[in-house]
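S.K.: Sending over input.cif (mmCIF, C-alpha atoms).
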```cif
data_start
#
loop_
_atom_site.label_atom_id
_atom_site.label_comp_id
_atom_site.auth_asym_id
_atom_site.auth_seq_id
_atom_site.Cartn_x
_atom_site.Cartn_y
_atom_site.Cartn_z
CA MET T 1 -28.94 1.05 11.07
CA GLN T 2 -25.35 0.08 11.82
CA ALA T 3 -22.67 1.99 9.95
CA LEU T 4 -21.17 0.02 7.10
CA PHE T 5 -17.68 1.10 8.11
CA SER T 6 -15.80 3.82 9.87
CA VAL T 7 -12.90 5.79 8.51
CA PRO T 8 -10.87 7.80 10.98
CA PRO T 9 -10.01 10.94 8.96
CA ALA T 10 -6.41 10.95 10.18
CA HIS T 11 -5.90 7.40 8.90
CA PHE T 12 -7.37 7.62 5.41
CA TYR T 13 -5.22 9.09 2.72
CA LEU T 14 -4.35 8.66 -0.92
CA VAL T 15 -1.14 6.83 -1.42
CA GLU T 16 1.31 8.58 -3.69
CA ASN T 17 4.12 6.23 -2.77
CA ALA T 18 2.52 2.84 -2.31
CA PHE T 19 5.77 0.89 -2.58
CA GLY T 20 7.58 3.14 -0.11
CA ASN T 21 4.76 2.80 2.40
CA LEU T 22 4.76 -0.96 1.99
CA VAL T 23 8.55 -1.18 2.42
CA ALA T 24 8.59 1.06 5.49
CA ARG T 25 5.81 -0.88 7.20
CA ARG T 26 7.31 -4.31 6.45
CA ARG T 27 10.81 -3.15 7.43
CA LEU T 28 9.54 -1.84 10.77
CA ASP T 29 7.46 -4.99 11.34
CA GLN T 30 10.70 -6.97 11.00
CA ASN T 31 12.64 -4.58 13.25
CA LEU T 32 15.11 -3.74 10.50
CA SER T 33 16.84 -0.39 10.25
CA GLN T 34 17.13 1.36 6.90
CA ARG T 35 20.87 0.75 7.14
CA GLU T 36 20.42 -3.02 7.63
CA LEU T 37 17.92 -3.33 4.77
CA ALA T 38 20.31 -1.33 2.58
CA ARG T 39 23.19 -3.62 3.49
CA ARG T 40 21.17 -6.71 2.59
CA ILE T 41 20.36 -5.40 -0.90
CA GLY T 42 23.71 -3.75 -1.58
CA LYS T 43 22.49 -0.15 -1.46
CA SER T 44 22.91 2.82 0.89
CA ALA T 45 20.63 3.81 3.75
CA THR T 46 19.97 7.03 1.80
CA TYR T 47 18.66 4.89 -1.07
CA ILE T 48 16.22 3.13 1.26
CA ASN T 49 15.12 6.50 2.63
CA TYR T 50 14.41 7.68 -0.93
CA VAL T 51 12.41 4.50 -1.58
CA GLU T 52 10.32 4.92 1.56
CA GLN T 53 9.75 8.64 1.03
CA GLY T 54 9.32 8.40 -2.73
CA LYS T 55 11.45 11.51 -3.00
CA ASN T 56 14.93 12.34 -4.21
CA PRO T 57 15.88 15.97 -3.64
CA ALA T 58 18.65 15.68 -6.24
CA SER T 59 16.32 14.71 -9.10
CA ARG T 60 14.70 17.32 -11.31
CA SER T 61 11.17 16.14 -10.47
CA GLY T 62 11.97 15.52 -6.81
CA LEU T 63 10.44 12.04 -7.14
CA PHE T 64 12.16 8.70 -6.78
CA LYS T 65 11.26 5.37 -8.35
CA PRO T 66 13.48 2.36 -7.66
CA THR T 67 14.49 0.06 -10.49
CA VAL T 68 12.57 -3.17 -10.92
CA GLU T 69 15.71 -5.04 -9.87
CA ALA T 70 15.86 -3.08 -6.61
CA VAL T 71 12.14 -3.67 -6.04
CA ASP T 72 12.70 -7.42 -6.42
CA LYS T 73 15.68 -7.43 -4.02
CA ILE T 74 13.78 -5.44 -1.39
CA ALA T 75 10.74 -7.68 -1.80
CA LYS T 76 12.85 -10.80 -1.26
CA VAL T 77 14.48 -9.46 1.91
CA LEU T 78 11.16 -8.29 3.35
CA SER T 79 9.21 -11.41 2.25
CA ILE T 80 6.84 -9.40 0.08
CA PRO T 81 5.43 -11.37 -2.86
CA GLN T 82 7.21 -10.17 -6.01
CA ASN T 83 4.02 -9.38 -7.93
CA GLU T 84 2.69 -7.35 -4.99
CA ALA T 85 5.92 -5.37 -4.68
CA ARG T 86 6.12 -4.72 -8.42
CA GLN T 87 2.51 -3.61 -8.55
CA ALA T 88 2.99 -1.22 -5.62
CA ALA T 89 6.09 0.20 -7.34
CA GLY T 90 4.23 0.66 -10.61
CA TYR T 91 5.92 -2.17 -12.53
CA ALA T 92 3.10 -4.69 -12.79
CA GLY T 93 -0.33 -4.83 -14.30
CA ILE T 94 -3.45 -4.94 -12.22
CA ALA T 95 -3.49 -7.93 -9.91
CA GLN T 96 -6.43 -10.28 -9.59
CA GLU T 97 -9.44 -8.60 -8.02
CA PRO T 98 -9.97 -9.34 -4.32
CA GLN T 99 -12.63 -11.98 -3.80
CA THR T 100 -13.76 -10.98 -0.29
CA VAL T 101 -14.05 -7.81 1.78
CA LYS T 102 -11.25 -9.11 3.98
CA GLU T 103 -8.90 -9.46 0.97
CA LEU T 104 -9.84 -5.95 -0.17
CA VAL T 105 -9.09 -4.47 3.25
CA GLU T 106 -5.79 -6.39 3.49
CA ARG T 107 -4.66 -5.08 0.10
CA LEU T 108 -5.61 -1.52 1.02
CA TRP T 109 -3.72 -1.82 4.31
CA ASP T 110 -0.67 -3.18 2.46
CA LEU T 111 -0.75 -0.01 0.37
CA GLY T 112 -1.02 2.18 3.45
CA ILE T 113 -4.75 2.94 3.17
CA GLN T 114 -6.37 2.19 6.48
CA ILE T 115 -10.09 1.50 6.46
CA ASN T 116 -12.09 -0.07 9.26
CA PHE T 117 -15.26 -1.85 8.17
CA ALA T 118 -17.97 -3.10 10.47
CA ASP T 119 -17.11 -6.60 11.73
CA ASP T 120 -20.18 -8.20 10.16
CA LEU T 121 -19.10 -7.01 6.70
CA LEU T 122 -15.59 -8.42 7.16
CA VAL T 123 -16.92 -11.95 7.69
CA ASP T 124 -19.51 -11.74 4.91
CA ASN T 125 -17.88 -13.48 1.93
CA SER T 126 -20.71 -12.80 -0.49
CA PRO T 127 -20.10 -10.96 -3.77
CA ASP T 128 -22.74 -8.44 -2.66
CA ALA T 129 -20.73 -7.54 0.46
CA LEU T 130 -17.62 -6.98 -1.66
CA GLU T 131 -19.51 -4.71 -4.06
CA ARG T 132 -20.97 -2.70 -1.14
CA ALA T 133 -17.48 -2.28 0.31
CA LYS T 134 -16.05 -1.11 -3.02
CA ALA T 135 -18.93 1.35 -3.48
CA SER T 136 -18.41 2.67 0.03
CA ILE T 137 -14.69 3.20 -0.57
CA ALA T 138 -15.41 5.03 -3.83
CA ALA T 139 -17.94 7.25 -2.04
CA ILE T 140 -15.45 8.15 0.69
CA MET T 141 -12.74 8.96 -1.80
CA GLN T 142 -15.18 11.09 -3.83
CA ALA T 143 -16.27 12.98 -0.70
CA GLN T 144 -12.75 13.49 0.65
CA PHE T 145 -10.76 14.02 -2.50
CA GLY T 146 -13.19 15.24 -5.12
CA LYS T 147 -13.47 13.67 -8.53
CA PHE T 148 -12.01 10.20 -8.44
CA ALA T 149 -11.65 7.98 -11.49
#
```
Take the structure I supplied and represent it as structure tokens, if you would.

M.R.:
Amino acid sequence: MQALFSVPPAHFYLVENAFGNLVARRRLDQNLSQRELARRIGKSATYINYVEQGKNPASRSGLFKPTVEAVDKIAKVLSIPQNEARQAAGYAGIAQEPQTVKELVERLWDLGIQINFADDLLVDNSPDALERAKASIAAIMQAQFGKFA
């Protein structure tokens, strides 16, 4: 029996800073420095670093969450759909469910969660394939991270 998918342990992780991961990946894909992205949105390079790391050493909690206005500006510069950026930053409701395994994998990758499914599952557009993929992801997360809601 062929494995449903493979997950390299070093590449599968929970995302605590989904928006920061998305920004960093898109910024690097576009060969932009933090300084250049900051210039384009009217912020400092330190601000962009806080966004990407999700951390602000000066705050009491140590965490950093950009304003919705900053999320929108960053999304525009990096050509990220506004609803996707807002959702990743915690400002939007749940987006429409993915309709195929490929859409599910693309959304996970956009959030920094890297999962490699078997090729035959990626081209199977049936609802059953999508449900098997979701169940497999839940099983992995349960096994690697304990109780997962």

S.K.: I'd like to know which of T:Gln99, T:Asn125, T:Ser136, T:Gln87 is closest to Phe19 in chain T, using only C-alpha atoms.

M.R.: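 Closest to Phe19 in chain T of all the choices is T:Gln87.
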
S.K.: Choose the residue, out of T:Ala18, T:Leu130, T:Ile137, T:Arg26, that has the smallest atom-to-atom separation from Ile80 in chain T; count only C-alpha atoms.

M.R.: T:Arg26

S.K.: For Lys102 in chain T, which of T:Ala129, T:Val77, T:Ala58, T:Ala89 is the closest residue, counting only C-alpha atoms?

M.R.: T:Ala129

S.K.: Which residues fall under the PyMOL selection byres ((chain T and resi 106-111) around 10) in this file, as a list in words?

M.R.: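 When the PyMOL selection byres ((chain T and resi 106-111) around 10) is applied, the selected residues are Leu14, Val15, Glu16, Asn17, Ala18, Phe19, Gly20, Asn21, Leu22, Val23, Arg25, Arg26, Glu84, Ala85, Ala88, Pro98, Thr100, Val101, Lys102, Glu103, Leu104, Val105, Gly112, Ile113, Gln114, Ile115 and Asn116 of chain T.
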
S.K.: Report as AutoDock Vina command-line options the centre and the edge lengths, in Å to one decimal, of the axis-aligned box holding every listed atom of range 32-47 of chain T, padded by 3 Å on each side.

M.R.:
```
--center_x 19.4 --center_y 0.2 --center_z 4.5 --size_x 14.6 --size_y 19.7 --size_z 18.1
```

S.K.: If you measure from CA of Ser33 in chain T to CA of Arg60 in chain T, what distance in Å do you get, rounded to one decimal?

M.R.: 28.0 Å

S.K.: Which residue out of T:Gln53, T:Gln82, T:Gln34, T:Ser126 has the minimum interatomic distance to Ala70 in chain T when only C-alpha atoms are used?

M.R.: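 Nearest to Ala70 in chain T: T:Gln82.
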
S.K.: Grab the CA of Thr46 in chain T to CA of Lys76 in chain T distance for me, in Å with one decimal place.

M.R.: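 About the pair CA of Thr46 in chain T and CA of Lys76 in chain T: they are 19.4 Å apart.
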
S.K.: Do you have the CA of Ser61 in chain T-CA of Pro81 in chain T distance handy?

M.R.: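 Taking CA of Ser61 in chain T and CA of Pro81 in chain T, their separation equals 29.1 Å.
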
S.K.: So which residues touch Lys43 in chain T within 12 Å, counting all atoms listed in the file, skipping near sequence neighbours fewer than 3 positions away, as a list in words?

M.R.: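 Within the cut-off, the hits are Gln34, Arg35, Glu36, Leu37, Ala38, Arg39, Arg40, Thr46, Tyr47, Ile48, Asn49, Tyr50, Val51, Pro66, Glu69, Ala70, Val71, Lys73 and Ile74 of chain T.
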
S.K.: Counting all atoms listed in the file, which residue out of T:Ser59, T:Gln30, T:Gln142, T:Ser44 sits closest to Ser79 in chain T?

M.R.: T:Gln30

S.K.: Find, counting all atoms listed in the file, the residue in T:Ala143, T:Glu52, T:Ala135, T:Leu28 that gets nearest to Leu78 in chain T.

M.R.: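 Checking each of T:Ala143, T:Glu52, T:Ala135, T:Leu28 against Leu78 in chain T, counting all atoms listed in the file, the winner is T:Leu28.
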